[in-house]
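Here is the structure we will look at, set down as structure tokens.
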Amino acid sequence: MKRIFIVLLLLLLQNGFLLAQYKIKDQDELKDLKVLSLEKIYVHANTPLLFPGEYLYYSIYCLNAATNRLDNISRMAYVELVGEDLMPVFRQKVRLDGGRGQGDFFVPVSVPSGNYKLIAYTQWMKNAGIGQLFQDNIMVINPYRADQESILTQTDIAGADHMQHQDLKKGEPIQDLGAPITEDRSILLLTDRENYGKRDKVQLTPKNFRGPLGYGNYSISVRRKDDLATHGTLNALDFTAKYLDAKKSLPQGVNDSIYLPEQRGELFFGSVTDMQNKPVAGMTVVISIPGKDFQLKSAITDDQGIFYTYVNKEYDGSVLLAQVPGNNDGLYHIAFKDRSGLDYGNLQFENLKIGPEDEKSILQRSVYNQIENGYFSVKPDSILSIDTLDPFDGGLPEVVVLDDFTRFPTLKETLVEVVPNVWVKRLENGNDTFWVKEALENYENDFASDPPLVLVDGVFVPDHNALLESNAMKIEKISILREPLVLGSNRFLGMVAIETINGDYLENLDMGHIGQQDLMMPTAKKNYYRQLYTPETIQKYERIPDFRQQLFWMPQMQFSNVEPEVVYEFYTSDVPGVYEIVLEGFTTYGKPISVKASFSVE
């Protein structure tokens with residue numbers, strides 16, 4: 001695996017590519033690429049039927065297509081909900097850790113009723129075509145909109161009193177994958193009772209009876225069985241059967257274009273051209289994600305003027321910038337490139353319908369959702385905090401807070417009068433620039449003639465002269481690193497990171513000479529809300545209605561020698577009915593596991 005990663009990295013460094021695609025140039029490269037297995041993705045979704053005001057919860061398993069085991073090739077997955085008009089309702093990025101990821105989507109009232117496809121993939125999977133991508137059926141019923149024709153039968157549209165649901169019985173899933181795989185009994189879902197009252201505590205124990213043979217990664221959903229006819233979500237067993245013939249290795253040949261895997265994080269790429277639109281080779285590009293916790297990277301363009309960068313750390317910024325060092329305004333054009341999209345023209349959608357007999361169930365569920373969302377503030381999910389970001393990568397900057405000193409009008413005067421170890425130097429061309437004193441005498445003398453790297457609110461500033469005359473009253477603090485830095489082919493003696501009071505430097509910046517890519521934030525990892533009716537909290541929630549359909553969602557759990565048995569506790573709601581417990585996942589050696597159990601609430 002390490003060798004393949006090095007080969008792919010060299011491919012990126014030595015060759016240009018368009019729309020995230022790289023052209024295989026010879027048999028040696030093709031041989032190396034074919035050693036790296038393709039992937040397939042399984043998504044465990046909590047429900048096949050959604051209403052506005054509800055959440056689609058999902059858990060991702062990224063598997064090696066050859067072994068069916070969790071895969072660590074790709075670090076990013078993409079999840080989309082696509083309508084029959086072939087337009088995505090949402091598209092989310094999900095970070096993968098050891099092949100596992102999770103996310104959710106809140107269904108707004110703008111989503112029309114209809115049959116949809118839940119799609120999931122990695123960039124590496126796209127090489128095998130749309131058949132390699134995960135696909136599952138989702139139905140949306142939106143009673144708040146007038147356009148219901150897509151899910152009403154013709155008899156119902158004409159005013160008939162009765163219709164057929166594709167010969168489905170209530171709550172029965174459609175099975176169209178051939179002979180079903182026998183359900184595995186190595187893991188059981190045990191509850192302390194079979195029947196519960198409202199707001200009653202349930203103790204759920206998923207139990208592994210096979211020891212090491214049951215070790216693996218799983219997810220669990222506890223949800224009320226739908227009164228409406230549904231097709232059921234694709235379980236792990238049927239997924240394995242359906243994708244048994246998924247391509248195991250790269251199908252392309254020499255001179256074909258491929259999508260490169262995102263092995264080190266999100267892959268971004270772009271180009272640098274001159275004013276005659278000719279590619280600029282060997283140019284250093286400074287890449288940054290601005291903000292308080294900025295990130296800074298660099299790349300060097302290849303012979304075709306293409307640069308690339310991986311973003312492997314979590315971030316909270318909304319834009320990625322690319323700039324070239326030096327005072328080069330008007331000399332170069334920098335642009336990020338987009339990945340080519342997917343062709344969904346061959347998607348086959350289900351044709352599930354609703355009829356007059358469903359009116360009561362639809363109305364009741366809609367009322368429940370409205371009430372639940374009205375009390376959302378007392379039942380929030382919690383977003384897990386991301387790892388602490390260190391924009392200085394372990395360096396210990398000297399920090400000067402300007403309010404601790406006498407204020408001067410310009411930044412130039414402030415550096416001269418207030419900031420230690422930083423001063424202004426006049427260059428031979430008459431321009432002024434920042435200069436930083438070395439941390440140690442005679443330390444790295446090779447850098448003694450190099451100015452520092454200067455950032456404002458995380459934005460790289462190549463033109464120091466204009467910045468030095470700026471208003472220092474807008475600056476909150478200045479952080480200084482005094483060690484040498486290298487970005488691409490450019491050297492800097494230290495760093496000066498300026499932070500404004502309002503953090504708005506980027507908003508007022510002329511972007512004409514800067515490459516800009518809007519960032520779609522990966523989905524946040526959450527701890528999902530669990531209602532508690534303990535003696536300490538029961539009075540607090542006594543007057544708050546509880547119409548939850550989803551009682552419990554655990555997107556990631558494991559069985560191992562460290563965790564031989566797991567016990568979960570959750571509480572029922574005020575909604576009676578039969579509730580289904582579903583466990584999906586894969587053992588450490590790639591065997592699919594799908595287990596169901598149920599209990600009733602009266």
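Residue numbering restarts at 1 for every chain of the structure tokens, chains are lettered A, B, ... in their displayed order, and ligands are numbered from 1 as they appear.
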What are the closest atom pairs, with distances in Å to one decimal, for all residues of stretch 349-412 of chain A lying within 10 Å of stretch 112-126 of chain A? Consider only C-alpha atoms, order rows by chain and residue number, and present the result as a Markdown table.
```
| residue | atom | partner | partner_atom | distance |
| --- | --- | --- | --- | --- |
| A:Phe349 | CA | A:Asn115 | CA | 6.5 |
| A:Glu350 | CA | A:Asn115 | CA | 6.2 |
| A:Asn351 | CA | A:Asn115 | CA | 6.7 |
| A:Leu352 | CA | A:Asn115 | CA | 7.1 |
| A:Lys353 | CA | A:Gly114 | CA | 8.8 |
```
Taking the chain letters and numbering used in this document, name the residues of stretch 64-231 of chain A that DSSP puts in helix (DSSP H, G or I), as a PyMOL selection string.
-> chain A and resi 125-128+130-132+149-151+154-157+211-214
Report the distance between atom CA of A:Phe90 and atom CA of A:Tyr55 in Å, rounded to one decimal place.
->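 Going from atom CA of A:Phe90 over to atom CA of A:Tyr55 covers 12.8 Å.
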Residues within 9 Å of stretch 563-578 of chain A, only C-alpha atoms, excluding chain neighbours under 2 positions, as a ChimeraX atom specification = /A:196-208,211,215,223-226,368,530-533,545-549,551-552,557-561,580,598-602
Take the residues from that selection and put them in a file with N, CA and C atoms, as a CSV table (one decimal), in the first residue's frame.
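As written to disk, selection.csv reads:
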```csv
chain,number,residue,atom,x,y,z
A,196,TYR,N,-43.4,-2.4,26.3
A,196,TYR,CA,-43.0,-1.2,27.1
A,196,TYR,C,-44.2,-0.3,27.1
A,197,GLY,N,-44.2,0.6,28.1
A,197,GLY,CA,-45.1,1.7,28.1
A,197,GLY,C,-44.5,2.9,27.6
A,198,LYS,N,-45.3,4.0,27.5
A,198,LYS,CA,-44.8,5.3,27.0
A,198,LYS,C,-43.8,5.8,28.0
A,199,ARG,N,-42.7,6.4,27.5
A,199,ARG,CA,-41.6,7.0,28.3
A,199,ARG,C,-41.0,6.0,29.2
A,200,ASP,N,-40.9,4.8,28.7
A,200,ASP,CA,-40.3,3.7,29.5
A,200,ASP,C,-38.9,3.5,29.0
A,201,LYS,N,-38.1,3.0,30.0
A,201,LYS,CA,-36.7,2.7,29.7
A,201,LYS,C,-36.5,1.4,29.0
A,202,VAL,N,-35.7,1.4,27.9
A,202,VAL,CA,-35.4,0.1,27.2
A,202,VAL,C,-33.9,-0.1,27.4
A,203,GLN,N,-33.6,-1.4,27.7
A,203,GLN,CA,-32.2,-1.8,27.8
A,203,GLN,C,-31.9,-2.8,26.6
A,204,LEU,N,-31.1,-2.3,25.7
A,204,LEU,CA,-30.7,-3.1,24.5
A,204,LEU,C,-29.3,-3.6,24.6
A,205,THR,N,-29.2,-4.9,24.4
A,205,THR,CA,-27.9,-5.5,24.5
A,205,THR,C,-27.6,-6.3,23.2
A,206,PRO,N,-26.8,-5.7,22.3
A,206,PRO,CA,-26.3,-6.4,21.1
A,206,PRO,C,-25.3,-7.4,21.6
A,207,LYS,N,-25.5,-8.7,21.4
A,207,LYS,CA,-24.6,-9.7,21.9
A,207,LYS,C,-23.9,-10.5,20.8
A,208,ASN,N,-22.6,-10.6,21.0
A,208,ASN,CA,-21.8,-11.4,20.0
A,208,ASN,C,-21.6,-12.8,20.6
A,211,GLY,N,-17.5,-14.8,19.3
A,211,GLY,CA,-16.2,-14.4,19.7
A,211,GLY,C,-15.5,-13.6,18.6
A,215,TYR,N,-16.3,-10.1,15.7
A,215,TYR,CA,-15.6,-8.8,15.8
A,215,TYR,C,-15.8,-8.1,14.5
A,223,ARG,N,-36.4,2.3,15.4
A,223,ARG,CA,-37.3,3.2,14.8
A,223,ARG,C,-38.7,2.5,14.7
A,224,ARG,N,-39.8,3.3,14.8
A,224,ARG,CA,-41.1,2.8,14.7
A,224,ARG,C,-41.3,2.3,13.3
A,225,LYS,N,-42.0,1.1,13.1
A,225,LYS,CA,-42.3,0.6,11.8
A,225,LYS,C,-43.3,1.5,11.2
A,226,ASP,N,-43.1,1.7,9.9
A,226,ASP,CA,-44.0,2.6,9.2
A,226,ASP,C,-45.4,2.0,9.0
A,368,TYR,N,-47.0,15.1,14.3
A,368,TYR,CA,-46.0,14.7,15.2
A,368,TYR,C,-44.7,15.4,14.9
A,530,ARG,N,-30.4,11.8,23.0
A,530,ARG,CA,-31.1,10.7,23.7
A,530,ARG,C,-32.0,11.2,24.8
A,531,GLN,N,-33.3,11.0,24.7
A,531,GLN,CA,-34.2,11.5,25.7
A,531,GLN,C,-34.1,10.7,26.9
A,532,LEU,N,-34.0,11.4,28.1
A,532,LEU,CA,-33.9,10.7,29.4
A,532,LEU,C,-35.1,11.0,30.2
A,533,TYR,N,-35.7,10.0,30.8
A,533,TYR,CA,-36.8,10.1,31.8
A,533,TYR,C,-36.3,9.5,33.1
A,545,PRO,N,-44.2,17.5,25.0
A,545,PRO,CA,-44.6,16.3,24.3
A,545,PRO,C,-43.5,15.6,23.7
A,546,ASP,N,-43.6,14.3,23.5
A,546,ASP,CA,-42.5,13.5,22.9
A,546,ASP,C,-43.1,12.6,21.9
A,547,PHE,N,-43.0,13.0,20.6
A,547,PHE,CA,-43.5,12.2,19.5
A,547,PHE,C,-42.4,11.7,18.6
A,548,ARG,N,-41.3,11.2,19.2
A,548,ARG,CA,-40.2,10.7,18.4
A,548,ARG,C,-40.6,9.4,17.7
A,549,GLN,N,-40.3,9.3,16.4
A,549,GLN,CA,-40.4,8.0,15.7
A,549,GLN,C,-39.0,7.2,15.8
A,551,LEU,N,-36.1,6.3,18.1
A,551,LEU,CA,-35.8,6.3,19.5
A,551,LEU,C,-34.3,6.2,19.7
A,552,PHE,N,-33.5,5.7,18.8
A,552,PHE,CA,-32.1,5.5,19.1
A,552,PHE,C,-31.4,5.3,17.7
A,557,MET,N,-20.4,1.5,16.1
A,557,MET,CA,-20.1,0.7,17.3
A,557,MET,C,-19.2,-0.5,16.8
A,558,GLN,N,-18.5,-1.1,17.8
A,558,GLN,CA,-17.6,-2.2,17.5
A,558,GLN,C,-17.8,-3.3,18.4
A,559,PHE,N,-17.5,-4.5,18.0
A,559,PHE,CA,-17.3,-5.7,18.8
A,559,PHE,C,-15.9,-6.1,18.7
A,560,SER,N,-15.2,-6.2,19.8
A,560,SER,CA,-13.8,-6.6,19.8
A,560,SER,C,-13.5,-7.3,21.1
A,561,ASN,N,-12.2,-7.7,21.3
A,561,ASN,CA,-11.8,-8.3,22.5
A,561,ASN,C,-11.9,-7.2,23.7
A,580,GLU,N,-38.8,-1.3,15.5
A,580,GLU,CA,-37.8,-2.3,14.9
A,580,GLU,C,-36.4,-1.9,15.3
A,598,SER,N,-37.6,-6.7,17.4
A,598,SER,CA,-38.7,-5.7,17.6
A,598,SER,C,-39.2,-5.8,19.0
A,599,PHE,N,-39.9,-4.7,19.4
A,599,PHE,CA,-40.7,-4.6,20.6
A,599,PHE,C,-41.8,-3.7,20.4
A,600,SER,N,-42.8,-3.7,21.3
A,600,SER,CA,-44.0,-2.9,21.2
A,600,SER,C,-44.0,-1.9,22.3
A,601,VAL,N,-44.7,-0.7,22.0
A,601,VAL,CA,-45.0,0.3,22.9
A,601,VAL,C,-46.5,0.5,23.0
A,602,GLU,N,-47.0,0.4,24.1
A,602,GLU,CA,-48.5,0.5,24.3
A,602,GLU,C,-48.9,1.8,25.1
```
In stretch 395-580 of chain A, DSSP strand (DSSP E) residues written as a PyMOL selection string | chain A and resi 398-401+422-426+432-436+453-456+459-460+475-487+490-500+515-518+526-527+550-559+568-571+577-580
Would you kindly return, as an NGL selection string, each protein, DNA or RNA residue with an atom no farther than 9 Å from any atom of stretch 320-336 of chain A, considering only C-alpha atoms and excluding same-chain residues fewer than 6 positions away?
-> :A and (268-275 or 277 or 280 or 283-290 or 298 or 459-464 or 490 or 512-519)
Written file, previous selection with C-alpha atoms, as a PDB file, in the first residue's frame:
```
ATOM      1  CA  PHE A 268      -7.841  20.200  -4.761  1.00  0.00           C
ATOM      2  CA  PHE A 269      -6.121  21.233  -7.961  1.00  0.00           C
ATOM      3  CA  GLY A 270      -5.819  24.167 -10.303  1.00  0.00           C
ATOM      4  CA  SER A 271      -3.669  25.915 -12.880  1.00  0.00           C
ATOM      5  CA  VAL A 272      -1.417  28.939 -13.282  1.00  0.00           C
ATOM      6  CA  THR A 273      -1.270  30.638 -16.674  1.00  0.00           C
ATOM      7  CA  ASP A 274       0.322  33.845 -17.907  1.00  0.00           C
ATOM      8  CA  MET A 275      -1.508  36.695 -19.605  1.00  0.00           C
ATOM      9  CA  ASN A 277      -3.027  31.931 -21.350  1.00  0.00           C
ATOM     10  CA  VAL A 280       3.478  28.499 -16.126  1.00  0.00           C
ATOM     11  CA  MET A 283       5.753  28.199 -10.106  1.00  0.00           C
ATOM     12  CA  THR A 284       5.311  28.056  -6.353  1.00  0.00           C
ATOM     13  CA  VAL A 285       1.674  28.445  -5.305  1.00  0.00           C
ATOM     14  CA  VAL A 286       0.829  29.409  -1.720  1.00  0.00           C
ATOM     15  CA  ILE A 287      -2.462  27.792  -0.684  1.00  0.00           C
ATOM     16  CA  SER A 288      -4.343  28.895   2.396  1.00  0.00           C
ATOM     17  CA  ILE A 289      -7.585  28.464   4.260  1.00  0.00           C
ATOM     18  CA  PRO A 290      -8.067  31.869   5.927  1.00  0.00           C
ATOM     19  CA  SER A 298       2.247  25.136  -0.936  1.00  0.00           C
ATOM     20  CA  VAL A 459      -4.498  35.352   3.968  1.00  0.00           C
ATOM     21  CA  PHE A 460      -1.032  35.336   2.401  1.00  0.00           C
ATOM     22  CA  VAL A 461       0.122  38.907   1.644  1.00  0.00           C
ATOM     23  CA  PRO A 462       2.917  39.051  -0.977  1.00  0.00           C
ATOM     24  CA  ASP A 463       2.933  42.886  -1.219  1.00  0.00           C
ATOM     25  CA  HIS A 464       4.280  44.141   2.110  1.00  0.00           C
ATOM     26  CA  ASN A 490      10.459  30.073  -1.792  1.00  0.00           C
ATOM     27  CA  GLY A 512      -8.619  39.558  -9.195  1.00  0.00           C
ATOM     28  CA  HIS A 513      -5.169  37.950  -8.845  1.00  0.00           C
ATOM     29  CA  ILE A 514      -6.155  35.213  -6.380  1.00  0.00           C
ATOM     30  CA  GLY A 515      -7.486  31.753  -7.144  1.00  0.00           C
ATOM     31  CA  GLN A 516     -10.552  31.001  -5.031  1.00  0.00           C
ATOM     32  CA  GLN A 517     -12.413  27.750  -4.308  1.00  0.00           C
ATOM     33  CA  ASP A 518     -15.498  27.689  -2.091  1.00  0.00           C
ATOM     34  CA  LEU A 519     -15.247  24.918   0.471  1.00  0.00           C
TER      35      LEU A 519
END
```
Separation of atom CA of A:Gly488 from atom CA of A:Val422 in Å =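 Taking atom CA of A:Val422 as the start and atom CA of A:Gly488 as the end point, the length is 24.0 Å.
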